[in-house]
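Trainee: Just query-v2.tsv, nothing more (TSV, C-alpha atoms and all ligand atoms):
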```tsv
chain	number	residue	atom	x	y	z
A	130	MET	CA	43.75	44.93	68.21
A	131	LYS	CA	40.05	44.80	67.44
A	132	ALA	CA	38.25	41.53	66.69
A	133	THR	CA	37.30	42.74	63.22
A	134	ASP	CA	40.97	43.64	62.50
A	135	ILE	CA	41.95	40.03	63.16
A	136	LEU	CA	39.20	38.76	60.84
A	137	GLU	CA	40.13	41.28	58.14
A	138	GLU	CA	43.76	40.15	58.31
A	139	GLU	CA	42.55	36.60	57.79
A	140	HIS	CA	40.48	37.79	54.80
A	141	ARG	CA	43.72	39.05	53.22
A	142	ILE	CA	45.17	35.52	53.61
A	143	ILE	CA	42.00	33.91	52.22
A	144	GLU	CA	42.28	36.25	49.21
A	145	LYS	CA	45.60	34.59	48.36
A	146	GLY	CA	43.69	31.31	48.07
A	147	ILE	CA	41.12	33.06	45.87
A	148	MET	CA	44.00	34.26	43.69
A	149	TYR	CA	45.08	30.65	43.26
A	150	LEU	CA	41.52	29.69	42.25
A	151	ASP	CA	41.43	32.47	39.62
A	152	PHE	CA	44.76	31.26	38.28
A	153	SER	CA	43.50	27.65	38.11
A	154	VAL	CA	40.28	28.58	36.33
A	155	GLU	CA	42.29	30.47	33.68
A	156	ALA	CA	44.76	27.62	33.32
A	157	ILE	CA	42.16	24.84	33.07
A	158	ARG	CA	40.26	26.81	30.42
A	159	ASN	CA	43.45	27.44	28.44
A	160	LYS	CA	44.41	23.77	28.71
A	161	LYS	CA	47.48	24.63	30.77
A	162	GLU	CA	48.75	22.50	33.59
A	163	VAL	CA	47.11	22.62	37.02
A	164	LYS	CA	48.51	19.93	39.28
A	165	LYS	CA	45.86	17.90	41.04
A	166	GLU	CA	48.01	17.56	44.15
A	167	GLU	CA	48.53	21.31	44.42
A	168	PHE	CA	44.85	22.11	43.86
A	169	SER	CA	43.94	19.59	46.53
A	170	LYS	CA	46.23	21.41	49.00
A	171	VAL	CA	44.40	24.64	48.26
A	172	LEU	CA	41.04	22.95	48.90
A	173	ASP	CA	42.43	21.76	52.19
A	174	PHE	CA	43.45	25.38	52.93
A	175	PHE	CA	39.85	26.45	52.31
A	176	SER	CA	38.32	23.76	54.52
A	177	THR	CA	40.80	24.17	57.34
A	178	PHE	CA	41.98	27.77	57.31
A	179	ALA	CA	39.05	29.59	55.71
A	180	ASP	CA	36.38	27.42	57.30
A	181	LYS	CA	37.69	26.05	60.59
A	182	CYS	CA	40.06	28.87	61.56
A	183	HIS	CA	38.07	31.75	60.16
A	184	HIS	CA	34.36	31.07	59.56
A	185	LEU	CA	33.99	29.16	62.79
A	186	LYS	CA	35.52	32.05	64.74
A	187	GLU	CA	32.82	34.23	63.27
A	188	GLU	CA	30.08	31.68	63.92
A	189	LYS	CA	31.05	30.58	67.41
A	190	VAL	CA	32.46	33.78	68.86
A	191	LEU	CA	31.69	37.00	66.97
A	192	PHE	CA	28.14	36.41	65.74
A	193	PRO	CA	26.67	35.29	69.10
A	194	LEU	CA	28.05	38.42	70.76
A	195	LEU	CA	26.70	40.61	67.98
A	196	GLU	CA	23.29	39.03	68.49
A	197	LEU	CA	23.55	39.87	72.16
A	198	ARG	CA	24.23	43.48	71.17
A	199	GLY	CA	21.10	43.58	69.04
A	200	ILE	CA	22.19	42.66	65.51
A	201	LEU	CA	19.59	40.42	63.92
A	202	LYS	CA	20.24	36.81	63.05
A	203	GLU	CA	17.01	35.65	61.38
A	204	GLY	CA	16.22	37.94	58.49
A	205	GLY	CA	19.29	40.05	59.26
A	206	PRO	CA	22.98	40.25	58.30
A	207	ILE	CA	24.12	37.41	60.59
A	208	GLY	CA	21.59	35.03	59.05
A	209	VAL	CA	22.82	35.96	55.57
A	210	MET	CA	26.46	35.35	56.53
A	211	LEU	CA	25.60	31.97	58.10
A	212	PHE	CA	23.71	30.94	54.99
A	213	GLU	CA	26.68	31.97	52.83
A	214	HIS	CA	29.11	29.95	54.98
A	215	GLU	CA	26.96	26.88	54.28
A	216	GLU	CA	26.88	27.64	50.55
A	217	GLY	CA	30.68	27.92	50.56
A	218	ARG	CA	31.03	24.57	52.36
A	219	LYS	CA	28.83	22.96	49.73
A	220	LEU	CA	30.98	24.35	46.90
A	221	VAL	CA	34.19	23.08	48.54
A	222	ARG	CA	32.59	19.63	48.96
A	223	GLU	CA	31.58	19.63	45.30
A	224	MET	CA	35.10	20.65	44.22
A	225	LYS	CA	36.59	17.83	46.30
A	226	GLU	CA	34.21	15.32	44.71
A	227	ALA	CA	35.00	16.57	41.21
A	228	LEU	CA	38.72	16.39	42.01
A	229	ASN	CA	38.38	12.79	43.22
A	230	SER	CA	36.88	11.78	39.91
A	231	GLU	CA	39.81	13.34	38.03
A	232	ARG	CA	41.97	10.41	36.92
A	233	LYS	CA	45.06	12.22	35.70
A	234	ASN	CA	47.63	14.13	37.75
A	235	THR	CA	46.67	17.28	35.92
A	236	ILE	CA	43.19	18.78	36.07
A	237	THR	CA	41.28	18.67	32.80
A	238	ASN	CA	37.78	18.67	34.25
A	239	GLU	CA	35.87	21.79	33.17
A	240	GLN	CA	33.42	21.20	36.03
A	241	ILE	CA	36.23	22.03	38.50
A	242	ALA	CA	36.84	25.34	36.70
A	243	ILE	CA	33.13	26.21	36.93
A	244	LEU	CA	32.96	25.36	40.65
A	245	ALA	CA	36.25	27.15	41.42
A	246	SER	CA	35.08	30.25	39.60
A	247	ASN	CA	31.75	30.20	41.48
A	248	TYR	CA	33.52	29.71	44.80
A	249	ALA	CA	36.01	32.53	44.14
A	250	GLU	CA	33.15	34.89	43.30
A	251	HIS	CA	31.15	33.71	46.30
A	252	LEU	CA	34.04	34.36	48.71
A	253	ARG	CA	34.87	37.77	47.23
A	254	SER	CA	31.30	38.91	47.67
A	255	HIS	CA	31.08	37.38	51.17
A	256	ILE	CA	34.23	39.18	52.31
A	257	TRP	CA	32.97	42.45	50.81
A	258	LYS	CA	29.65	42.18	52.70
A	259	GLU	CA	31.37	41.42	55.98
A	260	GLU	CA	33.87	44.23	55.75
A	261	ASN	CA	31.50	46.86	54.38
A	262	ILE	CA	28.33	46.01	56.25
A	263	LEU	CA	28.56	43.58	59.16
A	264	PHE	CA	31.97	44.53	60.59
A	265	LYS	CA	31.08	48.22	60.39
A	266	LEU	CA	27.93	47.49	62.38
A	267	ALA	CA	29.96	45.36	64.78
A	268	ASN	CA	32.37	48.20	65.49
A	269	GLU	CA	29.42	50.44	66.28
A	270	VAL	CA	27.72	48.08	68.72
A	271	LEU	CA	30.58	46.24	70.43
A	272	LEU	CA	31.84	47.62	73.70
A	273	GLU	CA	35.55	47.77	74.41
A	274	GLU	CA	35.28	44.87	76.84
A	275	ASP	CA	33.41	42.83	74.20
A	276	ASP	CA	36.33	43.25	71.85
A	277	GLU	CA	38.81	42.11	74.47
A	278	LYS	CA	36.64	39.11	75.26
A	279	ILE	CA	36.26	38.18	71.57
A	280	VAL	CA	40.00	38.45	70.89
A	281	SER	CA	40.86	36.15	73.78
A	282	LEU	CA	38.08	33.70	72.83
A	283	PHE	CA	39.42	33.69	69.24
A	284	GLU	CA	42.81	32.59	70.54
A	285	GLU	CA	41.31	29.94	72.79
A	286	TYR	CA	39.00	28.69	70.11
A	287	GLU	CA	41.68	28.51	67.46
A	288	GLU	CA	44.12	26.67	69.71
A	289	LYS	CA	41.43	24.13	70.59
A	290	GLU	CA	40.05	23.57	67.08
A	291	VAL	CA	43.08	23.90	64.84
A	292	GLY	CA	46.22	24.77	66.77
A	293	TYR	CA	48.70	27.58	66.25
A	294	GLU	CA	51.18	25.43	64.31
A	295	LYS	CA	48.56	24.33	61.80
A	296	HIS	CA	47.38	27.91	61.36
A	297	LYS	CA	50.98	28.95	60.65
A	298	HIS	CA	51.44	26.04	58.24
A	299	TYR	CA	48.45	27.09	56.12
A	300	VAL	CA	49.53	30.72	56.01
A	301	GLU	CA	53.01	29.72	54.83
A	302	MET	CA	51.64	27.29	52.27
A	303	ILE	CA	49.27	29.78	50.67
A	304	ASN	CA	51.97	32.49	50.71
A	305	GLN	CA	54.27	30.17	48.77
A	306	LEU	CA	51.62	29.11	46.28
A	307	SER	CA	50.39	32.64	45.60
A	308	ALA	CA	53.97	33.93	45.23
A	309	LYS	CA	54.56	31.21	42.65
A	310	ILE	CA	51.53	32.35	40.64
A	311	LYS	CA	52.76	35.95	40.64
A	312	VAL	CA	55.99	35.01	38.93
A	313	LEU	CA	54.32	32.81	36.30
B	401	FE	FE	32.15	34.88	57.03
B	402	FE	FE	34.99	36.44	57.20
```
Before we go any further, please render this structure as structure tokens.
Ligand SMILES: [Fe+2]
Ligand SMILES: [Fe+2]
Mentor:
Amino acid sequence: MKATDILEEEHRIIEKGIMYLDFSVEAIRNKKEVKKEEFSKVLDFFSTFADKCHHLKEEKVLFPLLELRGILKEGGPIGVMLFEHEEGRKLVREMKEALNSERKNTITNEQIAILASNYAEHLRSHIWKEENILFKLANEVLLEEDDEKIVSLFEEYEEKEVGYEKHKHYVEMINQLSAKIKVL
């Protein structure tokens, strides 16, 4: 399996979280119930799975090797992706703050809907850029041995930073939540 295949598989999982955000934005705007506790779990999914498991794999393992193979960081696609990771972190922080100021068990705060909608859009566009620009470039410049090295570093890195069990927990949680939305 190629390094970019692993990351693209994770994108498909992150998209389930985006689906939950879309659902919440709709619901908040239509004054339907969005449970604070459930939304908070999804924010935790974004900070742990999307950020720690996924973005950090890109930042600590893939991007440095791409730089080594000549893809530009400053003023190039890697720099743009790094900047966007930071923007995403800021939006998640802002959502968490807004959620903390929500006094009821159900979300009524329109600010959360605005932030969630911005974050969903931000992630969709980020994933699109990676898959259609950066990962295509990566597959052109990476040697076969680079790929092998990246895949094994991904495993090492993930075990050290998050742990396999936690990774599995977040995948199961977001699968359950997104399946629930589908039947609503
Ligand atoms: Fe990324
Ligand atoms: Fe990504």
Trainee: Using only C-alpha atoms, which protein or nucleic acid residues come within 9 Å of range 299-303 of chain A? Drop anything in the same chain fewer than 4 positions from it, and give the result as an MDAnalysis selection string.
Mentor: chainID A and resid 142:143 145:146 149 170:171 173:174 177:178 294:295 307:308
Trainee: Distance table requested - chain A against ligand FE 402 (chain B), cut-off 10 Å, all atoms listed in the file: one row per qualifying residue with the closest atom pair and its distance in Å to one decimal, ordered by chain and rising residue number, as a tab-separated table.
Mentor:
```
residue	atom	partner	partner_atom	distance
A:Thr133	CA	B:FE402	FE	9.0
A:Ile135	CA	B:FE402	FE	9.8
A:Leu136	CA	B:FE402	FE	6.0
A:Glu137	CA	B:FE402	FE	7.1
A:Glu138	CA	B:FE402	FE	9.6
A:Glu139	CA	B:FE402	FE	7.6
A:His140	CA	B:FE402	FE	6.1
A:Arg141	CA	B:FE402	FE	9.9
A:Ile143	CA	B:FE402	FE	9.0
A:Ala179	CA	B:FE402	FE	8.1
A:Asp180	CA	B:FE402	FE	9.1
A:His183	CA	B:FE402	FE	6.3
A:His184	CA	B:FE402	FE	5.9
A:Leu185	CA	B:FE402	FE	9.2
A:Lys186	CA	B:FE402	FE	8.7
A:Glu187	CA	B:FE402	FE	6.8
A:Glu188	CA	B:FE402	FE	9.6
A:Met210	CA	B:FE402	FE	8.6
A:His214	CA	B:FE402	FE	9.0
A:Leu252	CA	B:FE402	FE	8.8
A:His255	CA	B:FE402	FE	7.2
A:Ile256	CA	B:FE402	FE	5.7
A:Trp257	CA	B:FE402	FE	9.0
A:Lys258	CA	B:FE402	FE	9.0
A:Glu259	CA	B:FE402	FE	6.3
A:Glu260	CA	B:FE402	FE	8.0
A:Leu263	CA	B:FE402	FE	9.8
A:Phe264	CA	B:FE402	FE	9.3
```
Trainee: I need the chosen residues saved as a CSV table (one decimal), in the coordinates of the input, with C-alpha atoms.
Mentor:
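Result file is again-v4.csv:
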```
chain,number,residue,atom,x,y,z
A,133,THR,CA,37.3,42.7,63.2
A,135,ILE,CA,42.0,40.0,63.2
A,136,LEU,CA,39.2,38.8,60.8
A,137,GLU,CA,40.1,41.3,58.1
A,138,GLU,CA,43.8,40.2,58.3
A,139,GLU,CA,42.6,36.6,57.8
A,140,HIS,CA,40.5,37.8,54.8
A,141,ARG,CA,43.7,39.0,53.2
A,143,ILE,CA,42.0,33.9,52.2
A,179,ALA,CA,39.0,29.6,55.7
A,180,ASP,CA,36.4,27.4,57.3
A,183,HIS,CA,38.1,31.8,60.2
A,184,HIS,CA,34.4,31.1,59.6
A,185,LEU,CA,34.0,29.2,62.8
A,186,LYS,CA,35.5,32.0,64.7
A,187,GLU,CA,32.8,34.2,63.3
A,188,GLU,CA,30.1,31.7,63.9
A,210,MET,CA,26.5,35.4,56.5
A,214,HIS,CA,29.1,30.0,55.0
A,252,LEU,CA,34.0,34.4,48.7
A,255,HIS,CA,31.1,37.4,51.2
A,256,ILE,CA,34.2,39.2,52.3
A,257,TRP,CA,33.0,42.4,50.8
A,258,LYS,CA,29.6,42.2,52.7
A,259,GLU,CA,31.4,41.4,56.0
A,260,GLU,CA,33.9,44.2,55.8
A,263,LEU,CA,28.6,43.6,59.2
A,264,PHE,CA,32.0,44.5,60.6
```
Trainee: A:Ser281, A:Glu196, A:Tyr286, A:Asn229: which is nearest Gly208 in chain A, counting only C-alpha atoms?
Mentor: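 Among A:Ser281, A:Glu196, A:Tyr286, A:Asn229, it is A:Glu196 that comes nearest to Gly208 in chain A.
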Trainee: Could you give me, as a CSV table (one decimal) with C-alpha atoms, keeping the file's coordinate frame, the residues within 12 Å of Val221 in chain A, counting only C-alpha atoms and dropping anything in the same chain fewer than 2 positions from it?
Mentor:
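Below is the file around21.csv, written as the result:
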```
chain,number,residue,atom,x,y,z
A,150,LEU,CA,41.5,29.7,42.2
A,168,PHE,CA,44.8,22.1,43.9
A,169,SER,CA,43.9,19.6,46.5
A,171,VAL,CA,44.4,24.6,48.3
A,172,LEU,CA,41.0,23.0,48.9
A,173,ASP,CA,42.4,21.8,52.2
A,174,PHE,CA,43.4,25.4,52.9
A,175,PHE,CA,39.8,26.4,52.3
A,176,SER,CA,38.3,23.8,54.5
A,177,THR,CA,40.8,24.2,57.3
A,179,ALA,CA,39.0,29.6,55.7
A,180,ASP,CA,36.4,27.4,57.3
A,214,HIS,CA,29.1,30.0,55.0
A,215,GLU,CA,27.0,26.9,54.3
A,216,GLU,CA,26.9,27.6,50.6
A,217,GLY,CA,30.7,27.9,50.6
A,218,ARG,CA,31.0,24.6,52.4
A,219,LYS,CA,28.8,23.0,49.7
A,223,GLU,CA,31.6,19.6,45.3
A,224,MET,CA,35.1,20.6,44.2
A,225,LYS,CA,36.6,17.8,46.3
A,226,GLU,CA,34.2,15.3,44.7
A,227,ALA,CA,35.0,16.6,41.2
A,228,LEU,CA,38.7,16.4,42.0
A,241,ILE,CA,36.2,22.0,38.5
A,244,LEU,CA,33.0,25.4,40.6
A,245,ALA,CA,36.2,27.2,41.4
A,246,SER,CA,35.1,30.2,39.6
A,247,ASN,CA,31.8,30.2,41.5
A,248,TYR,CA,33.5,29.7,44.8
A,249,ALA,CA,36.0,32.5,44.1
A,251,HIS,CA,31.2,33.7,46.3
A,252,LEU,CA,34.0,34.4,48.7
```
Trainee: Could you state the separation of CA of Ile262 in chain A and CA of Glu274 in chain A in Å, given to one decimal place?
Mentor: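 Result for CA of Ile262 in chain A versus CA of Glu274 in chain A: 21.8 Å, one decimal.
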Trainee: Around range 175-189 of chain A, with edges along x, y and z and 3 Å added on all six sides, what centre and edge lengths do you get, in Å to one decimal, as AutoDock Vina command-line options?
Mentor:
```
--center_x 36.0 --center_y 29.0 --center_z 59.9 --size_x 17.9 --size_y 16.5 --size_z 21.1
```
Trainee: Go through A:Ala267, A:Leu220, A:Ala156, A:Met148 and flag the residue nearest Phe192 in chain A, using all atoms listed in the file for the distances.
Mentor: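 For Phe192 in chain A, the nearest of the candidates is A:Ala267.
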Trainee: Work out how far CA of Ile236 in chain A is from CA of Lys165 in chain A, in Å to one decimal.
Mentor: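 Taking CA of Lys165 in chain A as the start and CA of Ile236 in chain A as the end point, the length is 5.7 Å.
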Trainee: May I ask for the distance between CA of Ile200 in chain A and CA of Ala132 in chain A, given in Å to one decimal place?
Mentor: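 CA of Ile200 in chain A sits 16.1 Å away from CA of Ala132 in chain A.
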Trainee: From the options A:Leu211, A:Leu272, A:Leu306, A:Val312, which residue's atoms come nearest to ligand FE 401 (chain B), counting all atoms listed in the file?
Mentor: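 Of A:Leu211, A:Leu272, A:Leu306, A:Val312, the one nearest ligand FE 401 (chain B) is A:Leu211, counting all atoms listed in the file.
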Trainee: Using all atoms listed in the file, determine which residues lie at most 8 Å from Leu271 in chain A, disregarding the query and same-chain residues fewer than 3 positions distant; provide the list as a ChimeraX atom specification.
Mentor: /A:195,198,267-268,275-276
Trainee: Which one is closest to ligand FE 401 (chain B): A:Lys161, A:Lys311, A:His296, A:Arg253? Count all atoms listed in the file.
Mentor: A:Arg253
Trainee: For Glu250 in chain A, which residue out of A:Glu213, A:Glu231, A:Glu277, A:Ile207 is the nearest one, using only C-alpha atoms?
Mentor: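 Of A:Glu213, A:Glu231, A:Glu277, A:Ile207, the one nearest Glu250 in chain A is A:Glu213, counting only C-alpha atoms.
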